[in-house]
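**Student:** Structure supplied as target.pdb; contents: PDB, C-alpha atoms.
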ATOM      1  CA  MET A   3       0.000   0.000   0.000  1.00  0.00           C
ATOM      2  CA  LYS A   4       2.865   2.377   0.861  1.00  0.00           C
ATOM      3  CA  HIS A   5       4.456   1.678  -2.525  1.00  0.00           C
ATOM      4  CA  ILE A   6       1.225   2.484  -4.354  1.00  0.00           C
ATOM      5  CA  LEU A   7       0.779   5.763  -2.453  1.00  0.00           C
ATOM      6  CA  LEU A   8       4.429   6.686  -3.054  1.00  0.00           C
ATOM      7  CA  SER A   9       4.061   5.899  -6.766  1.00  0.00           C
ATOM      8  CA  LEU A  10       0.899   8.029  -6.992  1.00  0.00           C
ATOM      9  CA  LEU A  11       2.651  10.890  -5.185  1.00  0.00           C
ATOM     10  CA  ILE A  12       5.648  10.763  -7.553  1.00  0.00           C
ATOM     11  CA  MET A  13       3.352  10.596 -10.574  1.00  0.00           C
ATOM     12  CA  SER A  14       1.333  13.590  -9.315  1.00  0.00           C
ATOM     13  CA  ILE A  15       4.493  15.662  -8.816  1.00  0.00           C
ATOM     14  CA  SER A  16       5.685  14.744 -12.309  1.00  0.00           C
ATOM     15  CA  ILE A  17       2.378  15.758 -13.882  1.00  0.00           C
ATOM     16  CA  LEU A  18       2.344  19.071 -11.988  1.00  0.00           C
ATOM     17  CA  SER A  19       5.892  19.893 -13.078  1.00  0.00           C
ATOM     18  CA  PHE A  20       4.931  19.372 -16.738  1.00  0.00           C
ATOM     19  CA  ALA A  21       1.798  21.495 -16.287  1.00  0.00           C
ATOM     20  CA  GLN A  22       3.795  24.606 -15.351  1.00  0.00           C
ATOM     21  CA  GLU A  23       3.787  27.306 -17.984  1.00  0.00           C
ATOM     22  CA  MET A  24       7.115  27.636 -19.700  1.00  0.00           C
ATOM     23  CA  PRO A  25       8.167  31.066 -20.935  1.00  0.00           C
ATOM     24  CA  THR A  26       7.644  31.636 -24.633  1.00  0.00           C
ATOM     25  CA  LYS A  27      10.584  32.450 -26.878  1.00  0.00           C
ATOM     26  CA  SER A  28       8.876  35.700 -27.839  1.00  0.00           C
ATOM     27  CA  GLN A  29       7.951  37.437 -24.609  1.00  0.00           C
ATOM     28  CA  LEU A  30       4.715  39.362 -24.283  1.00  0.00           C
ATOM     29  CA  GLY A  31       4.895  43.136 -24.525  1.00  0.00           C
ATOM     30  CA  LYS A  32       2.382  45.774 -23.551  1.00  0.00           C
ATOM     31  CA  VAL A  33       2.530  49.534 -23.880  1.00  0.00           C
ATOM     32  CA  VAL A  34      -0.160  51.939 -22.649  1.00  0.00           C
ATOM     33  CA  GLN A  35      -0.449  55.670 -23.252  1.00  0.00           C
ATOM     34  CA  LYS A  36      -3.054  58.219 -22.234  1.00  0.00           C
ATOM     35  CA  LEU A  37      -3.683  60.941 -24.811  1.00  0.00           C
ATOM     36  CA  GLY A  38      -6.029  63.547 -23.374  1.00  0.00           C
ATOM     37  CA  GLY A  39      -8.951  61.472 -22.107  1.00  0.00           C
ATOM     38  CA  THR A  40      -8.242  58.479 -24.371  1.00  0.00           C
ATOM     39  CA  THR A  41      -6.175  55.454 -23.373  1.00  0.00           C
ATOM     40  CA  ILE A  42      -4.375  53.496 -26.096  1.00  0.00           C
ATOM     41  CA  GLU A  43      -2.980  50.027 -25.323  1.00  0.00           C
ATOM     42  CA  ILE A  44      -0.917  47.794 -27.606  1.00  0.00           C
ATOM     43  CA  ASN A  45      -0.439  44.097 -26.717  1.00  0.00           C
ATOM     44  CA  TYR A  46       2.046  42.069 -28.745  1.00  0.00           C
ATOM     45  CA  SER A  47       4.686  39.337 -28.700  1.00  0.00           C
ATOM     46  CA  ARG A  48       8.322  40.459 -28.954  1.00  0.00           C
ATOM     47  CA  PRO A  49      10.343  38.321 -31.376  1.00  0.00           C
ATOM     48  CA  ASN A  50      14.134  38.429 -31.082  1.00  0.00           C
ATOM     49  CA  ALA A  51      16.534  39.049 -33.947  1.00  0.00           C
ATOM     50  CA  LYS A  52      19.091  36.430 -32.779  1.00  0.00           C
ATOM     51  CA  GLY A  53      21.595  37.617 -35.399  1.00  0.00           C
ATOM     52  CA  ARG A  54      19.189  36.976 -38.275  1.00  0.00           C
ATOM     53  CA  LYS A  55      18.533  39.360 -41.149  1.00  0.00           C
ATOM     54  CA  ILE A  56      15.047  40.629 -40.369  1.00  0.00           C
ATOM     55  CA  TRP A  57      13.744  42.890 -43.126  1.00  0.00           C
ATOM     56  CA  GLY A  58      13.279  41.327 -46.542  1.00  0.00           C
ATOM     57  CA  ASP A  59      14.257  37.905 -45.163  1.00  0.00           C
ATOM     58  CA  LEU A  60      12.768  36.756 -41.825  1.00  0.00           C
ATOM     59  CA  VAL A  61       9.966  39.269 -42.471  1.00  0.00           C
ATOM     60  CA  PRO A  62       9.531  39.323 -46.276  1.00  0.00           C
ATOM     61  CA  TYR A  63       8.684  42.489 -48.134  1.00  0.00           C
ATOM     62  CA  GLY A  64       5.299  42.645 -49.848  1.00  0.00           C
ATOM     63  CA  GLN A  65       3.642  40.031 -47.603  1.00  0.00           C
ATOM     64  CA  VAL A  66       1.244  40.598 -44.706  1.00  0.00           C
ATOM     65  CA  TRP A  67       2.940  40.204 -41.324  1.00  0.00           C
ATOM     66  CA  ARG A  68       1.320  39.944 -37.872  1.00  0.00           C
ATOM     67  CA  LEU A  69       3.554  42.660 -36.342  1.00  0.00           C
ATOM     68  CA  GLY A  70       5.306  40.389 -33.892  1.00  0.00           C
ATOM     69  CA  ALA A  71       5.140  36.711 -33.044  1.00  0.00           C
ATOM     70  CA  ASN A  72       2.475  34.247 -31.939  1.00  0.00           C
ATOM     71  CA  GLU A  73      -1.013  35.826 -31.840  1.00  0.00           C
ATOM     72  CA  SER A  74      -1.631  38.966 -33.841  1.00  0.00           C
ATOM     73  CA  THR A  75      -0.850  42.283 -32.202  1.00  0.00           C
ATOM     74  CA  LYS A  76      -3.872  44.043 -30.668  1.00  0.00           C
ATOM     75  CA  ILE A  77      -4.526  47.755 -30.242  1.00  0.00           C
ATOM     76  CA  THR A  78      -7.298  48.988 -27.955  1.00  0.00           C
ATOM     77  CA  THR A  79      -8.417  52.580 -27.783  1.00  0.00           C
ATOM     78  CA  SER A  80     -10.952  53.892 -25.261  1.00  0.00           C
ATOM     79  CA  GLY A  81     -11.959  56.761 -27.536  1.00  0.00           C
ATOM     80  CA  ASP A  82     -11.922  57.703 -31.200  1.00  0.00           C
ATOM     81  CA  ILE A  83      -8.440  58.548 -32.508  1.00  0.00           C
ATOM     82  CA  THR A  84      -6.724  59.743 -35.644  1.00  0.00           C
ATOM     83  CA  ILE A  85      -3.850  57.445 -36.565  1.00  0.00           C
ATOM     84  CA  GLY A  86      -1.612  58.061 -39.538  1.00  0.00           C
ATOM     85  CA  GLY A  87      -4.004  60.814 -40.606  1.00  0.00           C
ATOM     86  CA  SER A  88      -7.111  58.580 -40.675  1.00  0.00           C
ATOM     87  CA  LYS A  89      -9.951  58.236 -38.174  1.00  0.00           C
ATOM     88  CA  LEU A  90     -10.259  55.032 -36.121  1.00  0.00           C
ATOM     89  CA  LYS A  91     -13.264  54.487 -33.863  1.00  0.00           C
ATOM     90  CA  LYS A  92     -12.779  53.355 -30.275  1.00  0.00           C
ATOM     91  CA  GLY A  93     -12.479  49.601 -29.867  1.00  0.00           C
ATOM     92  CA  THR A  94     -10.023  46.724 -30.164  1.00  0.00           C
ATOM     93  CA  TYR A  95      -8.406  45.745 -33.451  1.00  0.00           C
ATOM     94  CA  SER A  96      -5.771  43.262 -34.552  1.00  0.00           C
ATOM     95  CA  MET A  97      -2.827  44.905 -36.280  1.00  0.00           C
ATOM     96  CA  PHE A  98      -1.013  43.628 -39.330  1.00  0.00           C
ATOM     97  CA  ALA A  99       1.463  45.249 -41.681  1.00  0.00           C
ATOM     98  CA  THR A 100       2.662  44.787 -45.222  1.00  0.00           C
ATOM     99  CA  PRO A 101       6.324  45.823 -45.016  1.00  0.00           C
ATOM    100  CA  GLY A 102       8.190  47.300 -47.952  1.00  0.00           C
ATOM    101  CA  GLU A 103      11.590  48.861 -48.448  1.00  0.00           C
ATOM    102  CA  GLU A 104      10.104  52.317 -49.161  1.00  0.00           C
ATOM    103  CA  LYS A 105       6.710  52.176 -47.425  1.00  0.00           C
ATOM    104  CA  TRP A 106       4.700  50.013 -45.083  1.00  0.00           C
ATOM    105  CA  ILE A 107       0.949  49.570 -44.953  1.00  0.00           C
ATOM    106  CA  PHE A 108      -0.522  49.046 -41.477  1.00  0.00           C
ATOM    107  CA  HIS A 109      -3.866  47.242 -41.335  1.00  0.00           C
ATOM    108  CA  PHE A 110      -6.338  47.578 -38.449  1.00  0.00           C
ATOM    109  CA  ASN A 111      -8.504  44.485 -38.638  1.00  0.00           C
ATOM    110  CA  SER A 112     -11.719  43.315 -36.942  1.00  0.00           C
ATOM    111  CA  ASN A 113     -10.615  39.642 -36.649  1.00  0.00           C
ATOM    112  CA  LEU A 114      -9.406  39.470 -33.043  1.00  0.00           C
ATOM    113  CA  ASP A 115      -8.847  35.697 -33.093  1.00  0.00           C
ATOM    114  CA  ALA A 116      -6.143  35.747 -35.781  1.00  0.00           C
ATOM    115  CA  TRP A 117      -3.104  33.597 -35.092  1.00  0.00           C
ATOM    116  CA  GLY A 118      -0.450  35.176 -37.219  1.00  0.00           C
ATOM    117  CA  ALA A 119      -0.936  36.261 -40.798  1.00  0.00           C
ATOM    118  CA  ASN A 120      -2.500  32.922 -41.793  1.00  0.00           C
ATOM    119  CA  ASP A 121      -5.855  34.151 -40.462  1.00  0.00           C
ATOM    120  CA  TYR A 122      -5.546  37.599 -42.050  1.00  0.00           C
ATOM    121  CA  SER A 123      -8.310  38.666 -44.416  1.00  0.00           C
ATOM    122  CA  ALA A 124      -8.247  42.059 -46.150  1.00  0.00           C
ATOM    123  CA  GLU A 125     -12.070  42.008 -46.079  1.00  0.00           C
ATOM    124  CA  SER A 126     -11.870  42.405 -42.280  1.00  0.00           C
ATOM    125  CA  ASN A 127      -9.740  45.568 -42.465  1.00  0.00           C
ATOM    126  CA  ILE A 128     -11.367  48.552 -40.799  1.00  0.00           C
ATOM    127  CA  LEU A 129      -8.533  50.896 -41.782  1.00  0.00           C
ATOM    128  CA  SER A 130      -5.211  50.779 -43.633  1.00  0.00           C
ATOM    129  CA  ILE A 131      -2.573  53.524 -43.411  1.00  0.00           C
ATOM    130  CA  GLU A 132       0.873  54.074 -44.901  1.00  0.00           C
ATOM    131  CA  ALA A 133       4.076  54.869 -43.016  1.00  0.00           C
ATOM    132  CA  SER A 134       7.709  55.171 -44.050  1.00  0.00           C
ATOM    133  CA  PRO A 135      10.390  52.969 -42.480  1.00  0.00           C
ATOM    134  CA  LYS A 136      13.680  54.514 -41.453  1.00  0.00           C
ATOM    135  CA  MET A 137      16.949  52.647 -41.029  1.00  0.00           C
ATOM    136  CA  VAL A 138      18.684  53.905 -37.903  1.00  0.00           C
ATOM    137  CA  ASP A 139      22.363  54.752 -37.841  1.00  0.00           C
ATOM    138  CA  SER A 140      23.122  53.311 -34.425  1.00  0.00           C
ATOM    139  CA  PRO A 141      25.919  51.177 -33.000  1.00  0.00           C
ATOM    140  CA  GLU A 142      23.403  48.695 -31.572  1.00  0.00           C
ATOM    141  CA  ALA A 143      20.344  47.086 -33.095  1.00  0.00           C
ATOM    142  CA  VAL A 144      17.109  46.591 -31.157  1.00  0.00           C
ATOM    143  CA  GLU A 145      17.218  42.853 -30.332  1.00  0.00           C
ATOM    144  CA  SER A 146      13.582  42.386 -29.239  1.00  0.00           C
ATOM    145  CA  MET A 147      10.880  44.054 -31.319  1.00  0.00           C
ATOM    146  CA  GLN A 148       9.180  46.828 -29.413  1.00  0.00           C
ATOM    147  CA  PHE A 149       6.395  49.369 -29.574  1.00  0.00           C
ATOM    148  CA  THR A 150       6.761  52.642 -27.681  1.00  0.00           C
ATOM    149  CA  PHE A 151       4.964  55.953 -27.472  1.00  0.00           C
ATOM    150  CA  GLU A 152       7.244  58.937 -27.981  1.00  0.00           C
ATOM    151  CA  ASN A 153       6.971  62.708 -28.399  1.00  0.00           C
ATOM    152  CA  THR A 154       3.825  62.697 -26.285  1.00  0.00           C
ATOM    153  CA  ILE A 155       2.332  66.177 -25.947  1.00  0.00           C
ATOM    154  CA  GLU A 156      -1.145  66.423 -24.386  1.00  0.00           C
ATOM    155  CA  SER A 157      -3.410  64.598 -26.848  1.00  0.00           C
ATOM    156  CA  LYS A 158      -0.787  63.709 -29.507  1.00  0.00           C
ATOM    157  CA  ALA A 159       2.040  61.190 -29.740  1.00  0.00           C
ATOM    158  CA  GLU A 160       3.940  58.930 -32.097  1.00  0.00           C
ATOM    159  CA  ILE A 161       3.661  55.150 -31.963  1.00  0.00           C
ATOM    160  CA  ILE A 162       7.155  53.840 -32.671  1.00  0.00           C
ATOM    161  CA  LEU A 163       7.847  50.320 -33.927  1.00  0.00           C
ATOM    162  CA  ALA A 164      11.528  49.399 -33.595  1.00  0.00           C
ATOM    163  CA  TRP A 165      13.348  46.172 -34.413  1.00  0.00           C
ATOM    164  CA  GLY A 166      16.839  45.605 -35.665  1.00  0.00           C
ATOM    165  CA  MET A 167      18.038  48.814 -37.301  1.00  0.00           C
ATOM    166  CA  LEU A 168      14.547  49.869 -38.412  1.00  0.00           C
ATOM    167  CA  THR A 169      12.065  52.266 -36.854  1.00  0.00           C
ATOM    168  CA  ILE A 170       8.661  53.413 -38.034  1.00  0.00           C
ATOM    169  CA  SER A 171       6.764  56.347 -36.595  1.00  0.00           C
ATOM    170  CA  ILE A 172       2.966  56.578 -36.784  1.00  0.00           C
ATOM    171  CA  PRO A 173       1.355  59.816 -35.569  1.00  0.00           C
ATOM    172  CA  VAL A 174      -1.666  59.337 -33.312  1.00  0.00           C
ATOM    173  CA  GLU A 175      -3.971  61.798 -31.609  1.00  0.00           C
ATOM    174  CA  GLU A 176      -7.170  61.882 -29.647  1.00  0.00           C
ATOM    175  CA  ASN A 177     -10.214  63.130 -31.601  1.00  0.00           C
TER     176      ASN A 177
END
When written as structure tokens, how does the structure in this file appear?
**Tutor:**
Amino acid sequence: MKHILLSLLIMSISILSFAQEMPTKSQLGKVVQKLGGTTIEINYSRPNAKGRKIWGDLVPYGQVWRLGANESTKITTSGDITIGGSKLKKGTYSMFATPGEEKWIFHFNSNLDAWGANDYSAESNILSIEASPKMVDSPEAVESMQFTFENTIESKAEIILAWGMLTISIPVEEN
């Protein structure tokens, strides 16, 4: 009887150790900014460069990309905003991009259950805007992709996407 109980105890400990969540290779990122009375939140997974060529290789030009890793990136805004010069109503949207050497197209999409670009459908786009990438002249590349809010003044800011030697700025403001 003792052997059976000991075996069950060992088996239970083994099962519990396998059930623990392991960290993902692409860590979760979240950035929140208040612009006037509107809160904007971006949730995403942060892929790492790991010495790889990112733009035009790992992330091909001319193909829709999920703006990160794992699930699609989500943006939530508590009020109506103007982003990249176009109006976006309050709500939650998945974000995708079509990168290019000269310009990128950012897509704000109603499909919140998208896992990567495989579930992307242009018919679900609520808004698409253009932005210009800029290669940064810096001694160090950004290893883990990141979104930040910069140049925040009252109800205006810039959403910055940075990864590797590339940055993209998207102006955003509260309506």
**Student:** Pull the closest atom pair for each residue of region 91-128 of chain A that gets at most 10 Å from region 38-43 of chain A, along with the distance in Å to one decimal, counting only C-alpha atoms, ordering rows by chain and then ascending residue number, as JSON lines.
**Tutor:**
{"residue": "A:Lys92", "atom": "CA", "partner": "A:Thr40", "partner_atom": "CA", "distance": 9.0}
{"residue": "A:Gly93", "atom": "CA", "partner": "A:Ile42", "partner_atom": "CA", "distance": 9.8}
{"residue": "A:Thr94", "atom": "CA", "partner": "A:Glu43", "partner_atom": "CA", "distance": 9.2}
**Student:** Restricting the calculation to only C-alpha atoms: of A:Gln65, A:Asn50, A:Ser74, A:Thr169, which residue gets closest to Ser140 (chain A)?
**Tutor:**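 Among the listed residues, the smallest separation from Ser140 (chain A) belongs to A:Thr169.
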**Student:** Using the chain letters and residue numbers of this document, give as a list in words the residues selected by the PyMOL selection byres ((chain A and resi 153) around 12).
**Tutor:** Gln35, Leu37, Thr150, Phe151, Glu152, Thr154, Ile155, Glu156, Ser157, Lys158, Ala159, Glu160, Ile161, Ile162, Ser171, Ile172, Pro173, Val174 and Glu175 of chain A
**Student:** To verify the selection step, state as a ChimeraX atom specification which residues the PyMOL selection byres ((chain A and resi 167) around 6) yields on this input.
**Tutor:** /A:137-138,143,166,168
**Student:** Can you pull out every residue within 7 Å of region 98-104 of chain A, counting all atoms listed in the file, but drop anything in the same chain fewer than 5 positions away, and send it as JSON, numbers by chain?
**Tutor:** {"A": [63, 64, 65, 66, 67, 68, 69, 109, 110, 134, 135]}
**Student:** Name every residue that the PyMOL selection byres ((chain A and resi 127) around 10) selects in this structure, writing the answer as a list of chain:residue names with chains first and numbers rising.
**Tutor:**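 Given this file, the PyMOL selection byres ((chain A and resi 127) around 10) evaluates to A:Tyr95, A:Ser96, A:Met97, A:Phe98, A:Phe108, A:His109, A:Phe110, A:Asn111, A:Ser112, A:Asn113, A:Tyr122, A:Ser123, A:Ala124, A:Glu125, A:Ser126, A:Ile128, A:Leu129, A:Ser130.
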